[in-house]
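Q: Just one file: upload_36.txt, with compact mmCIF, C-alpha atoms.
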```txt
# COMPACT_ATOMS: atom_id res chain seq x y z
CA MET E 1 31.22 30.24 -1.75
CA SER E 2 28.13 28.21 -2.72
CA LYS E 3 27.97 24.51 -2.03
CA ARG E 4 27.49 22.60 -5.28
CA ILE E 5 24.76 19.98 -5.25
CA MET E 6 24.26 17.07 -7.62
CA VAL E 7 20.54 16.17 -7.70
CA VAL E 8 19.76 12.54 -8.50
CA ASP E 9 16.06 12.02 -9.15
CA ASP E 10 14.04 10.65 -12.04
CA SER E 11 11.51 13.48 -11.76
CA ARG E 12 12.01 16.91 -13.32
CA LEU E 13 9.49 18.19 -10.81
CA VAL E 14 11.96 17.55 -8.00
CA ARG E 15 14.61 19.60 -9.79
CA VAL E 16 12.14 22.50 -10.11
CA GLN E 17 11.09 22.21 -6.48
CA LEU E 18 14.68 22.07 -5.22
CA ALA E 19 15.71 25.02 -7.40
CA ASP E 20 12.84 27.03 -5.89
CA LEU E 21 13.64 26.06 -2.33
CA LEU E 22 17.37 26.68 -2.67
CA GLU E 23 17.05 30.06 -4.35
CA GLY E 24 18.83 32.73 -2.33
CA THR E 25 20.68 30.20 -0.16
CA ASP E 26 24.31 29.09 -0.09
CA TYR E 27 23.52 26.06 -2.25
CA GLU E 28 23.44 25.77 -6.03
CA ILE E 29 22.42 22.86 -8.25
CA ALA E 30 25.52 21.90 -10.20
CA ALA E 31 24.17 18.85 -11.99
CA TYR E 32 21.02 16.87 -12.43
CA CYS E 33 21.00 13.10 -12.99
CA ARG E 34 17.91 11.08 -13.78
CA SER E 35 19.19 7.72 -12.56
CA GLY E 36 21.61 6.06 -10.19
CA GLU E 37 23.68 4.88 -13.13
CA GLU E 38 23.99 8.43 -14.47
CA ALA E 39 25.02 9.72 -11.04
CA ILE E 40 27.81 7.16 -10.76
CA ALA E 41 29.03 8.01 -14.27
CA GLN E 42 29.00 11.77 -13.65
CA TYR E 43 30.26 11.96 -10.09
CA ASP E 44 33.95 12.40 -10.94
CA GLU E 45 33.31 15.08 -13.52
CA VAL E 46 30.87 17.08 -11.37
CA ASN E 47 32.75 16.56 -8.11
CA PRO E 48 29.86 17.95 -6.04
CA ASP E 49 29.98 19.08 -2.43
CA LEU E 50 26.80 17.14 -1.80
CA VAL E 51 24.49 14.67 -3.55
CA THR E 52 20.72 14.54 -3.02
CA MET E 53 19.55 11.04 -3.89
CA ASP E 54 16.06 9.73 -4.54
CA ILE E 55 15.47 6.11 -3.50
CA ILE E 56 12.84 4.75 -5.88
CA MET E 57 14.05 5.15 -9.46
CA HIS E 58 13.88 3.08 -12.60
CA GLY E 59 16.92 0.82 -12.87
CA MET E 60 19.36 1.08 -9.97
CA ASP E 61 17.73 2.49 -6.84
CA GLY E 62 19.21 5.31 -4.78
CA LEU E 63 20.48 3.10 -1.97
CA GLU E 64 22.51 0.96 -4.37
CA ALA E 65 23.83 4.00 -6.24
CA SER E 66 24.87 5.60 -2.93
CA LYS E 67 26.71 2.44 -1.92
CA ILE E 68 28.72 2.47 -5.15
CA ILE E 69 29.51 6.20 -5.01
CA LEU E 70 30.64 5.92 -1.38
CA LYS E 71 32.80 2.90 -2.17
CA GLU E 72 34.67 4.91 -4.78
CA HIS E 73 34.45 8.23 -2.91
CA PRO E 74 34.31 7.57 0.85
CA ASP E 75 34.15 11.32 1.58
CA ALA E 76 31.08 11.86 -0.60
CA LYS E 77 28.23 13.56 1.24
CA ILE E 78 24.90 12.01 0.29
CA VAL E 79 21.47 13.04 1.57
CA MET E 80 18.53 10.82 0.72
CA LEU E 81 15.36 12.53 -0.50
CA SER E 82 12.45 10.15 -0.43
CA SER E 83 8.77 9.71 0.18
CA LEU E 84 9.61 6.46 2.03
CA ALA E 85 9.89 8.38 5.29
CA TYR E 86 9.91 5.79 8.04
CA ASP E 87 12.30 3.98 10.36
CA ASP E 88 13.11 1.03 8.12
CA THR E 89 14.22 3.31 5.29
CA TYR E 90 16.08 5.67 7.62
CA GLU E 91 18.06 2.67 8.89
CA LYS E 92 18.89 1.49 5.37
CA ALA E 93 20.00 5.00 4.41
CA LYS E 94 22.25 5.14 7.46
CA GLU E 95 23.66 1.69 6.70
CA VAL E 96 24.81 2.73 3.23
CA GLY E 97 26.42 5.85 4.69
CA ALA E 98 23.95 8.64 3.90
CA LYS E 99 24.51 11.76 5.98
CA GLY E 100 20.85 12.73 6.20
CA PHE E 101 17.30 12.15 5.08
CA VAL E 102 14.71 14.61 3.79
CA ASP E 103 11.07 13.56 3.47
CA LYS E 104 9.03 14.23 0.37
CA PRO E 105 7.07 16.39 -0.06
CA PHE E 106 9.81 18.88 0.82
CA HIS E 107 9.59 21.64 3.34
CA ARG E 108 12.19 24.39 3.01
CA GLU E 109 13.02 24.44 6.71
CA GLN E 110 13.64 20.71 6.95
CA LEU E 111 15.68 20.68 3.75
CA LEU E 112 17.96 23.54 4.83
CA LYS E 113 18.32 22.10 8.33
CA VAL E 114 19.47 18.71 7.00
CA LEU E 115 21.82 20.24 4.43
CA GLY E 116 23.26 22.54 7.10
CA GLU E 117 23.90 19.62 9.44
CA VAL E 118 25.89 17.81 6.77
CA PHE E 119 28.44 20.62 6.65
CA CYS E 120 28.70 21.17 10.42
CA MET B 121 -3.45 -4.48 3.53
CA ASN B 122 -6.61 -4.76 5.50
CA ASN B 123 -6.16 -8.04 7.34
CA VAL B 124 -3.71 -6.26 9.62
CA MET B 125 -6.00 -3.35 10.34
CA THR B 126 -9.62 -2.47 9.93
CA LYS B 127 -10.86 -1.20 6.62
CA GLU B 128 -11.89 2.00 8.39
CA ARG B 129 -8.33 2.62 9.62
CA LEU B 130 -6.88 1.90 6.17
CA VAL B 131 -9.38 4.27 4.56
CA GLN B 132 -8.40 6.90 7.12
CA ILE B 133 -4.69 6.48 6.26
CA LEU B 134 -5.31 6.68 2.52
CA ASP B 135 -7.63 9.67 2.84
CA GLN B 136 -5.19 11.56 5.05
CA ALA B 137 -2.38 10.91 2.57
CA VAL B 138 -4.49 12.12 -0.37
CA GLN B 139 -5.55 15.31 1.41
CA ASP B 140 -2.09 16.18 2.77
CA VAL B 141 0.01 15.36 -0.26
CA THR B 142 -2.38 16.98 -2.75
CA GLU B 143 -2.46 20.23 -0.84
CA CYS B 144 1.25 20.26 -0.05
CA THR B 145 2.47 19.20 -3.50
CA ALA B 146 -0.03 20.95 -5.74
CA GLY B 147 -1.93 23.48 -3.65
CA VAL B 148 -5.25 21.81 -4.43
CA ARG B 149 -7.84 20.78 -1.85
CA LEU B 150 -9.78 17.61 -2.51
CA PHE B 151 -13.03 16.63 -0.86
CA GLN B 152 -14.43 13.12 -0.60
CA GLY B 153 -17.62 12.48 -2.55
CA GLY B 154 -19.17 13.36 -5.88
CA GLN B 155 -19.37 11.35 -9.06
CA PRO B 156 -16.46 9.30 -10.46
CA PRO B 157 -14.40 11.04 -13.15
CA GLU B 158 -15.73 10.08 -16.58
CA ASN B 159 -14.36 11.54 -19.75
CA ASP B 160 -10.76 12.56 -20.30
CA LEU B 161 -8.87 10.45 -17.79
CA CYS B 162 -5.35 9.55 -16.74
CA THR B 163 -4.37 6.68 -14.48
CA ILE B 164 -1.30 6.20 -12.30
CA GLN B 165 -0.59 2.87 -10.70
CA ILE B 166 1.86 1.62 -8.10
CA THR B 167 2.37 -1.99 -7.05
CA PHE B 168 3.63 -2.85 -3.58
CA ASP B 169 6.20 -5.61 -4.03
CA LYS B 170 7.29 -6.06 -0.44
CA GLY B 171 5.31 -5.95 2.78
CA PHE B 172 1.82 -5.79 1.30
CA ARG B 173 0.76 -7.58 -1.85
CA THR B 174 -1.48 -4.90 -3.16
CA SER B 175 -1.63 -2.00 -5.53
CA LEU B 176 -2.97 1.53 -5.49
CA THR B 177 -4.37 3.20 -8.57
CA LEU B 178 -5.33 6.82 -9.04
CA CYS B 179 -7.75 7.49 -11.88
CA ALA B 180 -8.29 11.22 -12.35
CA ASP B 181 -9.71 13.83 -14.66
CA THR B 182 -6.87 15.03 -16.87
CA ARG B 183 -8.01 18.60 -16.09
CA LEU B 184 -7.42 18.00 -12.39
CA LEU B 185 -3.93 16.59 -12.90
CA TYR B 186 -3.17 19.41 -15.35
CA ARG B 187 -4.22 22.02 -12.78
CA MET B 188 -2.08 20.34 -10.12
CA ALA B 189 0.92 20.06 -12.46
CA CYS B 190 0.70 23.75 -13.42
CA ASN B 191 0.63 24.70 -9.74
CA SER B 192 3.62 22.50 -8.95
CA PHE B 193 5.74 23.71 -11.86
CA HIS B 194 4.60 27.32 -11.28
CA GLU B 195 3.63 27.55 -14.94
CA GLU B 196 0.44 28.49 -16.75
CA SER B 197 0.62 25.47 -19.02
CA VAL B 198 2.58 22.24 -19.02
CA SER B 199 3.50 19.76 -21.73
CA PRO B 200 2.08 16.24 -21.82
CA GLU B 201 5.51 15.02 -20.69
CA ASP B 202 5.44 17.31 -17.66
CA LEU B 203 1.90 16.22 -16.87
CA GLU B 204 3.15 12.64 -16.77
CA GLU B 205 6.24 13.60 -14.74
CA PHE B 206 4.13 15.44 -12.21
CA SER B 207 1.53 12.67 -11.95
CA LYS B 208 4.13 10.00 -11.30
CA GLU B 209 6.04 12.02 -8.70
CA TYR B 210 2.83 13.09 -6.96
CA PHE B 211 1.60 9.51 -6.70
CA ASN B 212 5.04 8.30 -5.64
CA VAL B 213 4.99 10.76 -2.74
CA LEU B 214 1.40 9.85 -1.88
CA CYS B 215 2.22 6.13 -1.74
CA GLY B 216 5.33 6.86 0.30
CA ARG B 217 3.15 8.65 2.81
CA VAL B 218 0.82 5.63 2.90
CA ALA B 219 3.74 3.20 3.35
CA GLY B 220 5.07 5.30 6.23
CA ALA B 221 1.70 5.36 7.98
CA MET B 222 1.31 1.61 7.44
CA PHE B 223 4.76 0.98 8.91
CA ARG B 224 3.96 3.03 11.99
CA ALA B 225 0.70 1.10 12.43
CA THR B 226 1.97 -2.44 11.73
CA ARG B 227 5.83 -2.31 11.88
CA ILE B 228 5.82 -4.01 8.47
CA PRO B 229 8.14 -2.25 6.03
CA ALA B 230 6.58 -1.88 2.61
CA HIS B 231 8.30 -1.29 -0.70
CA PHE B 232 6.80 -0.35 -4.02
CA GLY B 233 8.05 0.00 -7.55
CA PRO B 234 8.16 3.13 -9.72
CA PRO B 235 4.75 4.51 -10.69
CA VAL B 236 3.33 3.74 -14.12
CA PHE B 237 1.30 6.34 -16.02
CA TYR B 238 -1.49 5.60 -18.50
CA ARG B 239 -3.62 7.91 -20.62
CA GLY B 240 -7.22 6.82 -20.16
CA SER B 241 -8.41 4.34 -17.59
CA TYR B 242 -6.44 1.24 -16.67
CA GLU B 243 -7.20 -1.69 -14.43
CA PRO B 244 -4.33 -3.89 -13.23
CA LYS B 245 -4.52 -7.49 -14.42
CA GLY B 246 -5.16 -10.30 -11.95
CA CYS B 247 -6.47 -7.94 -9.31
CA GLU B 248 -9.80 -7.13 -7.80
CA ILE B 249 -11.01 -3.91 -6.30
CA GLN B 250 -11.28 -3.82 -2.52
CA PHE B 251 -12.56 -0.29 -2.18
CA VAL B 252 -12.61 3.05 -3.90
CA LEU B 253 -12.32 6.58 -2.52
CA THR B 254 -13.85 9.27 -4.73
CA TYR B 255 -12.77 12.91 -4.63
CA ARG B 256 -13.70 16.26 -6.15
CA ASN B 257 -12.07 19.66 -6.08
CA GLU B 258 -13.88 22.99 -6.03
CA TYR B 259 -14.13 22.95 -9.86
CA SER B 260 -15.82 19.52 -9.84
CA GLU B 261 -12.76 17.84 -11.30
CA GLY B 262 -12.62 14.34 -9.91
CA ALA B 263 -10.31 11.50 -8.96
CA GLN B 264 -10.63 8.02 -7.56
CA LEU B 265 -8.11 6.22 -5.40
CA ILE B 266 -8.59 2.49 -5.93
CA HIS B 267 -7.23 -0.20 -3.64
CA HIS B 268 -6.60 -3.49 -5.47
CA VAL B 269 -5.51 -6.86 -4.15
CA PRO B 270 -4.50 -9.96 -6.13
CA CYS B 271 -7.54 -12.05 -7.09
CA SER B 272 -6.20 -15.09 -5.23
CA ASP B 273 -5.61 -13.01 -2.09
CA GLY B 274 -8.98 -11.39 -1.84
CA ASP B 275 -8.44 -10.61 1.80
CA GLY B 276 -5.24 -8.64 1.20
CA VAL B 277 -2.81 -11.21 2.66
CA ILE B 278 0.47 -9.77 3.86
CA SER B 279 3.65 -11.02 2.28
CA ASN B 280 6.92 -10.49 4.07
CA GLU B 281 8.92 -11.70 1.13
CA GLU B 282 12.07 -9.68 0.47
```
I'd like the structure from this file rewritten - as structure tokens, please.
A:
Amino acid sequence: MSKRIMVVDDSRLVRVQLADLLEGTDYEIAAYCRSGEEAIAQYDEVNPDLVTMDIIMHGMDGLEASKIILKEHPDAKIVMLSSLAYDDTYEKAKEVGAKGFVDKPFHREQLLKVLGEVFC
Amino acid sequence: MNNVMTKERLVQILDQAVQDVTECTAGVRLFQGGQPPENDLCTIQITFDKGFRTSLTLCADTRLLYRMACNSFHEESVSPEDLEEFSKEYFNVLCGRVAGAMFRATRIPAHFGPPVFYRGSYEPKGCEIQFVLTYRNEYSEGAQLIHHVPCSDGDGVISNEE
């Protein structure tokens, strides 16, 4: 059975890119949220297997949104997707409880490797 | 940015980010040189609000951004909204790549706000240009990456303010 992913990113381009990269895999995009606030509001209804979370967004950023989702849903699996690919950001992502980190721009191999590790 | 490293090193970091991200995100190769873009322009701007008090601005031919957006969305044409979406995400990724390279070089974590998109040319207020990198693609569509610093910090002073 496919793993259902909730994509949180303020760019439609990211949704298109992820849909391309995940085509033919065991993952499907179940919902798309354009902000951290929207993700928090929709999490219960969507009940995803995994959340991909951008960091820099208008309004609440992805780190703050992840913190709130994990407070309410400690078992939530969140992977950060960000262009801020360096140690300081990795540490912050770990601190809030993210299970992985994928650098932008995406590469299919890295994306599938990180998603696979989350479900190991 | 450039009181913690030479201008040459900073130019190298910015140029590498432009080349890599443009090719990876949009399948377009850019080459340094040529004339600045002139007519139908779009501008995307990002301000660094932690780590480095500076901003980066990309001023590009709309045709170039349109070509890149079509490639990224895998479509023959894109709407003005998608052009803006693409431009902002592309520049966000580019600046992320720059921030990562700067962190590896200086150990100073940088943070920047969401990109802002303008139709036409735009120059941030209260800033002065430190240097400009000019690019062309194979169709002579151009872009300029402009490094600004606040007028009062003409030397690009680092701020470690949270």
Q: Please report the interatomic distance between atom CA of Val96 of chain E and atom CA of Ile69 of chain E in Å with one decimal.
A: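 Going from atom CA of Val96 of chain E over to atom CA of Ile69 of chain E covers 10.1 Å.
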Q: Mind running chain B against chain E at 6 Å and telling me each contacting residue's nearest atom pair with the distance in Å (one decimal), counting all atoms listed in the file, chain and number ascending, as a tab-separated table?
A:
```
residue	atom	partner	partner_atom	distance
B:Val213	CA	E:Ser83	CA	4.9
B:Gly216	CA	E:Ser83	CA	4.5
B:Gly220	CA	E:Tyr86	CA	5.2
```
Q: Go ahead and compute the interatomic distance for atom CA of Thr126 of chain B and atom CA of Arg149 of chain B, in Å to one decimal.
A: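 Value for the atom CA of Thr126 of chain B-atom CA of Arg149 of chain B distance: 26.1 Å.
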Q: Which residue is closest to His231 of chain B? Choose from E:Ala41, E:Pro48, E:Met1, E:Asp61 and count all atoms listed in the file.
A: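 Closest to His231 of chain B, using all atoms listed in the file: E:Asp61.
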Q: Given the choices E:Gly62, E:Gly116, E:Gly24, E:Gly100, which gets closest to Ile40 of chain E if the distance is worked out from all atoms listed in the file?
A: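 Using all atoms listed in the file, the shortest distance to Ile40 of chain E belongs to E:Gly62.
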Q: Give me, as a PyMOL selection string, all polymer residues having an atom no more than 7 Å from Glu204 of chain B, counting all atoms listed in the file and skipping those fewer than 4 positions away in the same chain.
A: chain B and resi 200+208+237
Q: What is the atom CA of Glu37 of chain E to atom CA of Leu176 of chain B distance in Å?
A: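 So the two atoms, atom CA of Glu37 of chain E and atom CA of Leu176 of chain B, lie 27.9 Å apart.
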Q: Step by step: start from the point (-5.0, 19.8, -4.3) in the file's coordinates, keep every protein, DNA or RNA residue that has an atom no farther than 12 Å from it, count all atoms listed in the file, and write the set as a PyMOL selection string.
A: chain B and resi 137-151+184-192+210+255-259+261-263
Q: What does the file look like for those residues with C-alpha atoms, as a short mmCIF file (atom, residue, chain, number, x, y, z; two decimals), keeping the file's coordinate frame?
A:
```
data_model
loop_
_atom_site.label_atom_id
_atom_site.label_comp_id
_atom_site.auth_asym_id
_atom_site.auth_seq_id
_atom_site.Cartn_x
_atom_site.Cartn_y
_atom_site.Cartn_z
CA ALA B 137 -2.38 10.91 2.57
CA VAL B 138 -4.49 12.12 -0.37
CA GLN B 139 -5.55 15.31 1.41
CA ASP B 140 -2.09 16.18 2.77
CA VAL B 141 0.01 15.36 -0.26
CA THR B 142 -2.38 16.98 -2.75
CA GLU B 143 -2.46 20.23 -0.84
CA CYS B 144 1.25 20.26 -0.05
CA THR B 145 2.47 19.20 -3.50
CA ALA B 146 -0.03 20.95 -5.74
CA GLY B 147 -1.93 23.48 -3.65
CA VAL B 148 -5.25 21.81 -4.43
CA ARG B 149 -7.84 20.78 -1.85
CA LEU B 150 -9.78 17.61 -2.51
CA PHE B 151 -13.03 16.63 -0.86
CA LEU B 184 -7.42 18.00 -12.39
CA LEU B 185 -3.93 16.59 -12.90
CA TYR B 186 -3.17 19.41 -15.35
CA ARG B 187 -4.22 22.02 -12.78
CA MET B 188 -2.08 20.34 -10.12
CA ALA B 189 0.92 20.06 -12.46
CA CYS B 190 0.70 23.75 -13.42
CA ASN B 191 0.63 24.70 -9.74
CA SER B 192 3.62 22.50 -8.95
CA TYR B 210 2.83 13.09 -6.96
CA TYR B 255 -12.77 12.91 -4.63
CA ARG B 256 -13.70 16.26 -6.15
CA ASN B 257 -12.07 19.66 -6.08
CA GLU B 258 -13.88 22.99 -6.03
CA TYR B 259 -14.13 22.95 -9.86
CA GLU B 261 -12.76 17.84 -11.30
CA GLY B 262 -12.62 14.34 -9.91
CA ALA B 263 -10.31 11.50 -8.96
#
```
Q: Name the closest residue to Ala219 of chain B among the candidates B:Tyr242, B:Phe251, B:Phe232, B:Phe206; distances are taken between atoms, counting all atoms listed in the file.
A: B:Phe232
